[in-house]
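Source file structure_9.cif; content: mmCIF, C-alpha atoms and all ligand atoms.
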```cif
data_run
loop_
_atom_site.label_atom_id
_atom_site.label_comp_id
_atom_site.auth_asym_id
_atom_site.auth_seq_id
_atom_site.Cartn_x
_atom_site.Cartn_y
_atom_site.Cartn_z
CA VAL A 90 80.64 164.83 130.46
CA SER A 91 84.18 166.11 130.69
CA THR A 92 86.93 163.51 130.85
CA GLU A 93 89.68 166.03 131.56
CA PRO A 94 91.56 165.34 134.80
CA LEU A 95 90.44 167.55 137.68
CA VAL A 96 92.90 170.09 139.08
CA GLU A 97 92.63 171.85 142.41
CA PRO A 98 94.87 174.37 144.17
CA TRP A 99 96.23 172.86 147.37
CA THR A 100 98.08 174.18 150.38
CA LEU A 101 100.28 171.94 152.45
CA ALA A 102 100.96 173.80 155.68
CA PHE A 103 102.77 173.09 158.92
CA PRO A 104 102.04 176.14 161.04
CA TYR A 105 104.05 175.75 164.22
CA THR A 106 104.64 177.91 167.24
CA ARG A 107 108.17 179.14 167.57
CA SER A 108 109.73 180.60 170.68
CA THR A 109 112.29 183.36 170.20
CA GLY A 110 114.27 182.31 173.27
CA ALA A 111 116.75 184.39 175.24
CA THR A 112 119.05 185.49 172.43
CA LEU A 113 116.71 186.36 169.57
CA GLY A 114 114.16 187.59 172.13
CA ARG A 115 116.52 190.36 173.17
CA PHE A 116 117.50 191.08 169.55
CA PHE A 117 113.80 191.56 168.65
CA ALA A 118 113.21 193.67 171.77
CA GLY A 119 116.08 195.85 170.51
CA LEU A 120 114.44 196.24 167.09
CA ALA A 121 111.20 197.39 168.76
CA ALA A 122 113.30 200.18 170.33
CA GLN A 123 114.99 200.96 166.97
CA ARG A 124 118.30 199.51 168.16
CA ILE A 125 120.25 196.72 166.42
CA LEU A 126 122.00 194.44 168.90
CA GLY A 127 124.72 191.87 168.45
CA ARG A 128 126.88 189.72 170.69
CA ARG A 129 130.62 189.62 171.03
CA ALA A 130 132.63 186.41 170.77
CA VAL A 131 135.72 185.58 172.83
CA ASP A 132 137.99 186.79 170.00
CA GLY A 133 136.15 190.11 169.71
CA ARG A 134 134.05 189.41 166.61
CA VAL A 135 130.50 190.79 166.81
CA PHE A 136 127.62 188.63 165.55
CA VAL A 137 124.53 190.38 164.12
CA PRO A 138 122.00 188.80 164.31
CA PRO A 139 123.25 187.43 167.64
CA LEU A 140 123.90 183.74 168.20
CA GLU A 141 124.10 181.74 171.40
CA HIS A 142 127.37 180.05 170.52
CA ASP A 143 130.33 180.82 168.30
CA PRO A 144 129.89 178.59 165.23
CA ARG A 145 133.68 178.33 165.02
CA ASP A 146 134.34 176.54 168.32
CA GLY A 147 131.02 176.34 170.16
CA SER A 148 132.09 178.72 172.94
CA PRO A 149 129.24 180.81 174.39
CA LEU A 150 129.02 184.37 173.10
CA GLY A 151 129.47 187.13 175.66
CA ASP A 152 128.55 190.81 175.89
CA TRP A 153 125.72 192.46 174.05
CA VAL A 154 126.71 195.39 171.82
CA GLU A 155 124.69 197.87 169.85
CA VAL A 156 125.79 198.30 166.24
CA SER A 157 125.16 201.04 163.72
CA PRO A 158 122.02 201.23 161.55
CA TYR A 159 124.41 202.06 158.67
CA GLY A 160 126.14 199.32 156.76
CA THR A 161 127.51 197.98 153.50
CA VAL A 162 126.01 195.52 151.00
CA GLU A 163 128.27 192.47 150.74
CA THR A 164 126.25 190.40 148.30
CA HIS A 165 122.71 190.60 146.97
CA THR A 166 120.17 189.15 144.58
CA TRP A 167 117.67 191.25 142.68
CA ILE A 168 114.05 189.99 142.83
CA ALA A 169 112.55 191.25 139.57
CA GLU A 170 109.24 189.40 139.95
CA PRO A 171 108.29 189.06 143.64
CA LEU A 172 106.24 186.01 144.69
CA SER A 173 103.24 186.20 147.00
CA THR A 174 105.47 185.04 149.87
CA HIS A 175 108.00 187.87 149.40
CA PRO A 176 108.02 190.96 151.62
CA ARG A 177 107.48 193.36 148.68
CA THR A 178 105.07 193.47 145.75
CA THR A 179 107.45 195.52 143.58
CA PRO A 180 111.06 194.62 142.59
CA PHE A 181 113.61 194.73 145.42
CA ALA A 182 116.92 193.18 146.49
CA PHE A 183 117.64 190.58 149.15
CA ALA A 184 121.05 191.56 150.48
CA MET A 185 123.63 190.52 153.02
CA VAL A 186 124.24 193.80 154.83
CA ARG A 187 127.22 194.10 157.17
CA LEU A 188 126.41 196.83 159.65
CA ASP A 189 129.19 199.11 160.93
CA GLY A 190 130.48 197.50 164.10
CA ALA A 191 129.38 193.97 163.11
CA ASP A 192 131.56 191.18 161.74
CA THR A 193 128.76 189.12 160.20
CA PRO A 194 126.20 190.21 157.61
CA LEU A 195 122.44 190.36 158.18
CA LEU A 196 120.03 189.17 155.48
CA HIS A 197 117.35 191.75 154.72
CA VAL A 198 115.56 193.72 152.02
CA VAL A 199 117.20 196.63 150.22
CA ASP A 200 114.68 198.91 148.54
CA ALA A 201 116.01 200.51 145.38
CA PRO A 202 114.41 201.93 142.24
CA GLU A 203 116.24 199.59 139.88
CA ARG A 204 118.59 196.60 139.65
CA GLU A 205 121.68 198.75 138.90
CA ALA A 206 121.17 200.77 142.09
CA VAL A 207 122.23 197.81 144.28
CA PHE A 208 125.82 196.56 144.21
CA THR A 209 128.56 195.18 146.44
CA GLY A 210 129.95 198.02 148.52
CA LEU A 211 126.75 200.08 148.43
CA ARG A 212 126.31 202.07 151.65
CA VAL A 213 122.82 201.64 153.11
CA ARG A 214 120.87 202.75 156.17
CA ALA A 215 118.11 201.06 158.15
CA ARG A 216 114.52 202.14 157.68
CA TRP A 217 112.19 201.42 160.59
CA ALA A 218 108.58 200.30 160.51
CA GLU A 219 106.04 202.80 161.84
CA GLU A 220 104.59 200.22 164.20
CA ARG A 221 107.05 197.97 165.97
CA THR A 222 106.08 194.82 167.84
CA GLY A 223 109.37 193.02 168.48
CA HIS A 224 109.62 191.27 165.12
CA LEU A 225 112.23 191.16 162.34
CA ARG A 226 109.84 193.31 160.29
CA ASP A 227 110.32 196.15 162.84
CA LEU A 228 113.36 196.75 160.67
CA ALA A 229 111.37 197.51 157.51
CA GLY A 230 114.47 197.21 155.34
CA PHE A 231 117.50 199.11 154.12
CA GLU A 232 117.78 201.90 151.57
CA PRO A 233 120.79 203.41 149.76
CA LEU A 234 122.46 206.16 151.77
CA PRO A 235 121.96 209.43 149.83
CA PRO A 236 125.24 211.05 148.66
CA GLY A 237 126.67 213.32 151.33
CA ALA A 238 124.38 212.00 154.08
CA SER A 239 126.01 211.35 157.43
CA ASP A 240 126.59 207.82 158.63
CA THR A 241 127.98 208.56 162.05
CA PHE A 242 126.33 206.64 164.82
CA THR A 243 126.40 206.99 168.58
CA PRO A 244 125.05 204.08 170.62
CA GLU A 245 122.41 204.92 173.18
CA GLY A 246 124.64 203.71 176.00
CA GLU A 247 125.30 200.61 177.98
CA SER A 248 121.70 199.83 178.86
CA MET A 249 120.23 197.00 176.83
CA PRO A 250 116.54 196.38 176.18
CA GLU A 251 114.87 193.93 178.52
CA LEU A 252 114.72 190.36 177.35
CA ALA A 253 111.36 189.78 175.69
CA SER A 254 111.16 186.11 174.83
CA ARG A 255 107.87 185.30 173.20
CA SER A 256 106.38 182.91 170.72
CA PHE A 257 104.72 183.41 167.39
CA VAL A 258 103.11 181.18 164.82
CA TYR A 259 105.54 180.43 162.03
CA PRO A 260 103.55 179.88 158.83
CA MET A 261 105.38 177.34 156.73
CA ALA A 262 103.32 176.47 153.67
CA LEU A 263 103.60 175.13 150.14
CA HIS A 264 101.00 176.17 147.58
CA TYR A 265 100.58 173.96 144.53
CA ASP A 266 98.04 172.43 142.14
CA VAL A 267 96.92 168.85 142.63
CA ARG A 268 96.14 167.00 139.40
CA ALA A 269 93.79 164.12 140.10
CA GLY A 270 94.51 161.99 137.03
CA HIS A 271 91.90 160.24 134.86
CA ALA A 272 90.80 157.38 137.13
CA LEU A 273 90.47 159.54 140.22
CA SER A 274 88.73 162.31 138.24
CA VAL A 275 86.04 159.82 137.15
CA HIS A 276 85.57 158.81 140.79
CA LEU A 277 85.37 162.44 142.00
CA ARG A 278 82.84 163.41 139.33
CA GLY A 279 80.81 160.34 140.37
CA LEU A 280 80.68 161.62 143.94
CA SER A 281 78.98 164.81 142.79
CA GLU A 282 76.24 162.53 141.32
CA ALA A 283 76.04 160.49 144.55
CA ARG A 284 77.71 157.48 142.92
CA PHE A 285 80.72 155.44 144.03
CA LEU A 286 82.77 154.71 140.91
CA GLY A 287 85.83 152.52 141.25
CA ARG A 288 88.11 150.54 139.01
CA ARG A 289 88.91 146.83 138.82
CA CYS A 290 92.29 145.35 138.03
CA PRO A 291 91.92 143.13 134.91
CA ARG A 292 94.47 140.66 136.27
CA CYS A 293 93.80 140.18 140.01
CA ALA A 294 90.21 141.55 140.03
CA ARG A 295 91.02 143.80 142.97
CA VAL A 296 88.53 146.72 143.11
CA TYR A 297 89.93 150.11 144.04
CA VAL A 298 87.69 152.83 145.52
CA PRO A 299 88.94 155.55 145.21
CA PRO A 300 90.71 154.18 142.11
CA LEU A 301 94.42 154.30 141.56
CA GLY A 302 95.89 154.62 138.08
CA ALA A 303 97.57 151.22 138.38
CA CYS A 304 97.07 148.12 140.52
CA SER A 305 99.50 148.26 143.44
CA VAL A 306 99.94 144.45 143.26
CA CYS A 307 100.10 143.85 139.48
CA SER A 308 101.48 147.25 138.38
CA ILE A 309 99.13 147.36 135.40
CA ALA A 310 96.45 149.96 134.59
CA VAL A 311 93.13 149.42 136.38
CA SER A 312 91.00 149.97 133.33
CA GLU A 313 87.59 148.45 134.14
CA ASP A 314 84.95 150.79 135.60
CA VAL A 315 82.88 149.46 138.50
CA GLU A 316 79.96 151.10 140.27
CA LEU A 317 79.36 150.14 143.88
CA ALA A 318 76.32 150.56 146.10
CA GLY A 319 76.76 152.91 149.04
CA SER A 320 76.76 150.12 151.62
CA GLY A 321 79.74 148.70 153.43
CA THR A 322 81.39 147.56 156.63
CA VAL A 323 83.43 149.40 159.25
CA ILE A 324 86.86 147.69 159.30
CA THR A 325 88.58 149.87 161.91
CA PHE A 326 87.57 153.09 163.64
CA CYS A 327 88.71 155.76 166.06
CA ILE A 328 86.96 158.17 168.41
CA VAL A 329 88.08 161.78 167.95
CA ASN A 330 88.12 163.88 171.13
CA LEU A 331 90.32 166.74 169.92
CA ALA A 332 89.40 169.66 167.67
CA VAL A 333 90.31 168.91 164.06
CA ARG A 334 91.02 171.75 161.67
CA GLY A 335 88.14 172.05 159.21
CA GLN A 336 85.88 169.81 161.37
CA GLU A 337 85.17 172.31 164.14
CA HIS A 338 81.43 172.12 163.39
CA LEU A 339 81.30 168.48 164.54
CA GLU A 340 80.18 167.77 168.06
CA ARG A 341 82.95 165.93 169.91
CA PRO A 342 83.62 163.16 170.49
CA PHE A 343 82.84 161.84 167.03
CA ALA A 344 83.81 158.65 165.21
CA CYS A 345 85.77 158.09 162.00
CA GLY A 346 86.32 154.74 160.46
CA ASN A 347 87.76 152.83 157.56
CA VAL A 348 84.74 151.76 155.52
CA LEU A 349 85.04 148.90 153.04
CA LEU A 350 82.26 149.25 150.47
CA ASP A 351 80.58 146.01 149.41
CA GLY A 352 82.48 144.77 146.37
CA ALA A 353 85.55 146.95 147.03
CA ASP A 354 88.99 145.82 148.19
CA THR A 355 90.33 149.11 149.49
CA PRO A 356 88.71 150.84 152.47
CA PHE A 357 88.64 154.64 152.88
CA LEU A 358 88.32 156.92 155.86
CA ALA A 359 84.83 158.27 156.49
CA LEU A 360 82.87 160.05 159.18
CA LEU A 361 80.56 157.73 161.14
CA GLN A 362 77.40 159.30 162.54
CA GLY A 363 73.85 158.29 163.36
CA CYS A 364 74.59 156.36 166.55
CA ALA A 365 76.33 156.95 169.87
CA VAL A 366 80.12 156.80 169.52
CA LYS A 367 80.28 153.97 172.06
CA GLU A 368 78.15 151.83 169.71
CA VAL A 369 80.60 152.14 166.82
CA ARG A 370 82.41 148.84 166.29
CA ALA A 371 84.41 146.90 163.73
CA GLY A 372 82.03 144.85 161.60
CA MET A 373 79.18 147.39 161.88
CA ARG A 374 77.20 147.59 158.64
CA VAL A 375 76.83 151.16 157.33
CA ARG A 376 75.40 153.07 154.39
CA ALA A 377 76.32 156.40 152.82
CA VAL A 378 74.23 159.50 153.57
CA TRP A 379 74.68 161.92 150.67
CA ARG A 380 74.42 165.69 150.74
CA GLU A 381 71.72 167.48 148.78
CA PRO A 382 72.56 167.78 145.03
CA ALA A 383 73.28 171.51 145.32
CA GLU A 384 75.78 170.84 148.13
CA ARG A 385 77.62 168.07 146.31
CA GLY A 386 80.82 168.46 144.33
CA PRO A 387 83.74 166.38 143.07
CA SER A 388 84.89 165.58 146.61
CA LEU A 389 84.42 162.92 149.27
CA SER A 390 82.66 165.64 151.28
CA SER A 391 79.65 164.95 149.00
CA VAL A 392 79.11 162.06 151.40
CA ARG A 393 77.74 163.71 154.54
CA HIS A 394 78.69 160.64 156.58
CA PHE A 395 78.02 156.91 156.91
CA GLU A 396 75.31 155.71 159.31
CA PRO A 397 74.39 152.27 160.67
CA SER A 398 72.19 150.39 158.21
CA GLY A 399 70.69 148.12 160.87
CA GLU A 400 71.89 144.91 159.18
CA PRO A 401 73.58 142.23 161.35
CA ASP A 402 77.31 142.81 161.84
CA ALA A 403 79.71 141.37 159.28
CA ASP A 404 82.58 139.12 160.32
CA VAL A 405 85.62 141.39 159.88
CA SER A 406 88.18 138.59 160.22
CA GLU A 407 86.34 136.73 157.43
CA LEU A 408 86.41 139.89 155.24
CA VAL A 409 90.12 140.32 155.86
CA ARG A 410 90.79 136.63 155.16
CA ARG A 411 88.87 136.81 151.84
CA ARG A 412 90.80 139.89 150.77
CA LYS A 413 94.12 138.24 151.58
CA GLU A 414 93.10 135.13 149.63
CA LEU A 415 92.13 137.24 146.61
CA HIS A 416 95.50 138.96 146.66
CA ARG A 417 97.42 135.70 146.85
CA ALA A 418 95.60 134.33 143.82
ZN ZN A 501 95.98 143.58 140.14
#
```

Could you render the structure as structure tokens?
Ligand SMILES: [Zn+2]
Amino acid sequence: VSTEPLVEPWTLAFPYTRSTGATLGRFFAGLAAQRILGRRAVDGRVFVPPLEHDPRDGSPLGDWVEVSPYGTVETHTWIAEPLSTHPRTTPFAFAMVRLDGADTPLLHVVDAPEREAVFTGLRVRARWAEERTGHLRDLAGFEPLPPGASDTFTPEGESMPELASRSFVYPMALHYDVRAGHALSVHLRGLSEARFLGRRCPRCARVYVPPLGACSVCSIAVSEDVELAGSGTVITFCIVNLAVRGQEHLERPFACGNVLLDGADTPFLALLQGCAVKEVRAGMRVRAVWREPAERGPSLSSVRHFEPSGEPDADVSELVRRRKELHRA
């Protein structure tokens, strides 16, 4: 049996819906029409991308203006090894491009064959995406202006694209590896064998399931292995009426509860099934229902759920009192 700590790739994501609002909404509507729009401040400076207020004094920005698709690289950074979250799979530059007619630079991609081809002062031109939907990616990026190519620009006129405020899901996510550590790895491997393995603190005798590396009261390693039966008591619970990501297969409402295994001192959250949700109560005695061996793995999802065991209810206040007493000792 391997004793190496388990490692699993993990994604922490907060996908939220973002509204473009009046100002960026019109800017994106402009991009869909292959026009780059900015807004003029009281002192005449033109902001691209447009803002609602002048960052200098907070005064509202005024007229909309169309600026040139030609511009100059002010600063840049060369991305030699793009990450999966970057807009290109081959090397490229992120650059601050100040478009002709604008007073502020726009951050975007400059596509170039090599690092030396991008520099401060480089003249570039916009390249448009084939399909445009009112998104920053409608402007596919910038490319160096070929020698001798014209960079004169005539705005389409006074008419501005209609405001197209809309919302889109903004995917903010961190991808990283979770390392379980020795104690937790033992516990997780136990779950794939339908066993609850915990650890006991050698000083205060507190039993942790799932185990921590160290006792949170004594701050010493919890070294002693303990195996617990799959029976326990519901300490607290909640009824879930809303759809939960990853639990869409469950019929709602369903119940989840903190289950304290017999002999353990730390409860954990588990799915409670096998009775009507209105029968779920604190003190209810439950037992683990395991998945079939082929469906089990080093995860708490090896436990299909907990179901009522039919035993008389336990006295929760007595359980809590005993735990408090143990921790004072
Ligand atoms: Zn302890």

Gap from atom CA of A:Pro244 to atom CA of A:Arg124 - Å, one decimal: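 Taking atom CA of A:Pro244 and atom CA of A:Arg124, their separation equals 8.5 Å.
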
Enumerate as a VMD selection string the residues within 6 Å of ligand ZN 501 (chain A), counting only C-alpha atoms and all ligand atoms. chain A and resid 290 292 to 293 295 304 306 to 307

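Closest approach to A:Glu396 from the set A:Gly346, A:Gly127, A:Gly287, A:Pro382 is made by A:Gly346, with distances taken over all atoms listed in the file.
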
Minimum-distance residue to A:Asp143, chosen among A:Glu203, A:Met249, A:Gly119, A:Thr193 (using all atoms listed in the file): A:Thr193

Closest of A:His394, A:Ile168, A:Pro104, A:Pro138 to A:Ala262 - atom-to-atom distances counting only C-alpha atoms: A:Pro104

All residues 9 Å or closer to A:Ala403, all atoms listed in the file, same chain fewer than 3 positions away omitted, as a list in words: Thr322, Val323, Ala371, Gly372, Met373, Arg374, Glu400, Ser406, Glu407 and Leu408 of chain A

Could you pull the residues within 12 Å of A:Lys367, counting all atoms listed in the file, minus those fewer than 4 positions along the same chain, as a PDB file with C-alpha atoms, in the coordinates of the input?
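In the end it all went to result.pdb:
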```
ATOM      1  CA  PHE A 326      87.570 153.090 163.640  1.00  0.00           C
ATOM      2  CA  CYS A 327      88.710 155.760 166.060  1.00  0.00           C
ATOM      3  CA  ILE A 328      86.960 158.170 168.410  1.00  0.00           C
ATOM      4  CA  VAL A 329      88.080 161.780 167.950  1.00  0.00           C
ATOM      5  CA  PRO A 342      83.620 163.160 170.490  1.00  0.00           C
ATOM      6  CA  PHE A 343      82.840 161.840 167.030  1.00  0.00           C
ATOM      7  CA  ALA A 344      83.810 158.650 165.210  1.00  0.00           C
ATOM      8  CA  LEU A 361      80.560 157.730 161.140  1.00  0.00           C
ATOM      9  CA  GLN A 362      77.400 159.300 162.540  1.00  0.00           C
ATOM     10  CA  GLY A 363      73.850 158.290 163.360  1.00  0.00           C
ATOM     11  CA  ALA A 371      84.410 146.900 163.730  1.00  0.00           C
TER      12      ALA A 371
END
```

Answer as an mmCIF file with C-alpha atoms, keeping the file's coordinate frame, residues within 12 Å of (102.8, 184.1, 162.5) using all atoms listed in the file:
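Okay, part-v1.cif is ready:
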```
data_model
loop_
_atom_site.group_PDB
_atom_site.id
_atom_site.type_symbol
_atom_site.label_atom_id
_atom_site.label_comp_id
_atom_site.auth_asym_id
_atom_site.auth_seq_id
_atom_site.Cartn_x
_atom_site.Cartn_y
_atom_site.Cartn_z
ATOM 1 C CA PHE A 103 102.770 173.090 158.920
ATOM 2 C CA PRO A 104 102.040 176.140 161.040
ATOM 3 C CA TYR A 105 104.050 175.750 164.220
ATOM 4 C CA THR A 106 104.640 177.910 167.240
ATOM 5 C CA ARG A 107 108.170 179.140 167.570
ATOM 6 C CA SER A 108 109.730 180.600 170.680
ATOM 7 C CA HIS A 224 109.620 191.270 165.120
ATOM 8 C CA LEU A 225 112.230 191.160 162.340
ATOM 9 C CA ARG A 226 109.840 193.310 160.290
ATOM 10 C CA ARG A 255 107.870 185.300 173.200
ATOM 11 C CA SER A 256 106.380 182.910 170.720
ATOM 12 C CA PHE A 257 104.720 183.410 167.390
ATOM 13 C CA VAL A 258 103.110 181.180 164.820
ATOM 14 C CA TYR A 259 105.540 180.430 162.030
ATOM 15 C CA PRO A 260 103.550 179.880 158.830
ATOM 16 C CA MET A 261 105.380 177.340 156.730
ATOM 17 C CA ALA A 262 103.320 176.470 153.670
#
```

Find the spatial neighbours of A:Ala169, counting only C-alpha atoms, within a cut-off of 8 Å - ignore same-chain residues fewer than 3 positions away - and output them as a ChimeraX atom specification. /A:179-181

May I have the residues within 12 Å of A:Glu313 as an MDAnalysis selection string, using all atoms listed in the file and disregarding those fewer than 4 positions away in the same chain? chainID A and resid 272 275 286:297 300:304 309

Can you pull out the residues contacting stretch 91-101 of chain A? Cut-off 7 Å, using all atoms listed in the file, and skip same-chain residues under 2 positions away; I want them as a PyMOL selection string. chain A and resi 262-271+274

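Closest to A:Asn347 among A:Thr325, A:Asn330, A:Thr161, A:Thr178 is A:Thr325, based on all atoms listed in the file.
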
Counting only C-alpha atoms, the residue of A:Glu340, A:Pro158, A:Glu316, A:Leu280 that sits nearest A:Ser390: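 When distances to A:Ser390 are compared using only C-alpha atoms, the smallest one comes from A:Leu280.
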
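Between atom CA of A:Val199 and atom CA of A:Arg187 there is a distance of 12.5 Å.
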
Taking (112.5, 199.0, 160.7) in the file's coordinates, which residues come within 10 Å, counting all atoms listed in the file, written as a VMD selection string? chain A and resid 120 to 125 158 215 to 221 224 to 231

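As for atom CA of A:Leu211 and atom CA of A:His175, they are spaced 22.4 Å apart.
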
Return the padded bounding box of stretch 195-213 of chain A as lines of an AutoDock Vina configuration file: axis-aligned, built from all atoms listed in the file, 6 Å added on each side, with centre and edge lengths in Å to one decimal.
```
center_x = 122.2
center_y = 195.6
center_z = 148.5
size_x = 27.5
size_y = 24.9
size_z = 31.3
```

Restrict the output to stretch 380-388 of chain A and all heavy atoms, then write it as a CSV table (one decimal), in the first residue's frame.
```csv
chain,number,residue,atom,x,y,z
A,380,ARG,N,-20.7,3.1,-1.7
A,380,ARG,CA,-20.8,2.8,-3.1
A,380,ARG,C,-20.2,1.4,-3.4
A,380,ARG,O,-19.5,0.9,-2.5
A,380,ARG,CB,-20.1,3.8,-4.0
A,380,ARG,CG,-20.8,5.2,-3.9
A,380,ARG,CD,-20.2,6.1,-4.9
A,380,ARG,NE,-20.8,7.4,-4.8
A,380,ARG,CZ,-22.0,7.7,-5.3
A,380,ARG,NH1,-22.7,6.9,-6.1
A,380,ARG,NH2,-22.5,8.9,-5.1
A,381,GLU,N,-20.5,0.9,-4.5
A,381,GLU,CA,-19.9,-0.4,-4.9
A,381,GLU,C,-18.4,-0.2,-5.0
A,381,GLU,O,-18.0,0.9,-5.4
A,381,GLU,CB,-20.5,-0.8,-6.3
A,381,GLU,CG,-22.0,-1.2,-6.3
A,381,GLU,CD,-22.3,-2.3,-5.3
A,381,GLU,OE1,-21.6,-3.3,-5.3
A,381,GLU,OE2,-23.3,-2.1,-4.5
A,382,PRO,N,-17.6,-1.3,-4.8
A,382,PRO,CA,-16.2,-1.2,-4.8
A,382,PRO,C,-15.7,-0.5,-6.1
A,382,PRO,O,-14.8,0.3,-6.0
A,382,PRO,CB,-15.7,-2.6,-4.7
A,382,PRO,CG,-16.8,-3.3,-4.0
A,382,PRO,CD,-18.1,-2.7,-4.4
A,383,ALA,N,-16.2,-0.9,-7.2
A,383,ALA,CA,-15.7,-0.3,-8.5
A,383,ALA,C,-16.0,1.2,-8.6
A,383,ALA,O,-15.3,1.9,-9.3
A,383,ALA,CB,-16.4,-1.0,-9.7
A,384,GLU,N,-17.0,1.7,-7.8
A,384,GLU,CA,-17.3,3.1,-7.9
A,384,GLU,C,-16.6,3.9,-6.8
A,384,GLU,O,-16.7,5.2,-6.8
A,384,GLU,CB,-18.8,3.3,-7.6
A,384,GLU,CG,-19.8,2.7,-8.6
A,384,GLU,CD,-21.2,3.0,-8.2
A,384,GLU,OE1,-21.6,2.6,-7.1
A,384,GLU,OE2,-22.0,3.5,-9.0
A,385,ARG,N,-15.9,3.2,-5.9
A,385,ARG,CA,-15.2,3.9,-4.8
A,385,ARG,C,-13.8,4.5,-5.2
A,385,ARG,O,-13.2,3.9,-6.1
A,385,ARG,CB,-15.1,3.0,-3.6
A,385,ARG,CG,-16.5,2.7,-3.0
A,385,ARG,CD,-16.3,2.2,-1.6
A,385,ARG,NE,-15.5,1.0,-1.5
A,385,ARG,CZ,-16.1,-0.2,-1.3
A,385,ARG,NH1,-17.4,-0.4,-1.1
A,385,ARG,NH2,-15.3,-1.3,-1.2
A,386,GLY,N,-13.4,5.5,-4.6
A,386,GLY,CA,-12.1,6.0,-4.8
A,386,GLY,C,-11.6,6.8,-3.5
A,386,GLY,O,-12.4,6.8,-2.5
A,387,PRO,N,-10.5,7.4,-3.6
A,387,PRO,CA,-10.0,8.1,-2.4
A,387,PRO,C,-10.7,9.5,-2.2
A,387,PRO,O,-10.1,10.5,-2.4
A,387,PRO,CB,-8.5,8.3,-2.7
A,387,PRO,CG,-8.4,8.3,-4.2
A,387,PRO,CD,-9.5,7.4,-4.7
A,388,SER,N,-12.0,9.4,-1.9
A,388,SER,CA,-12.8,10.6,-1.8
A,388,SER,C,-14.0,10.3,-0.9
A,388,SER,O,-14.5,9.2,-0.9
A,388,SER,CB,-13.3,11.0,-3.2
A,388,SER,OG,-14.5,11.7,-3.2
```
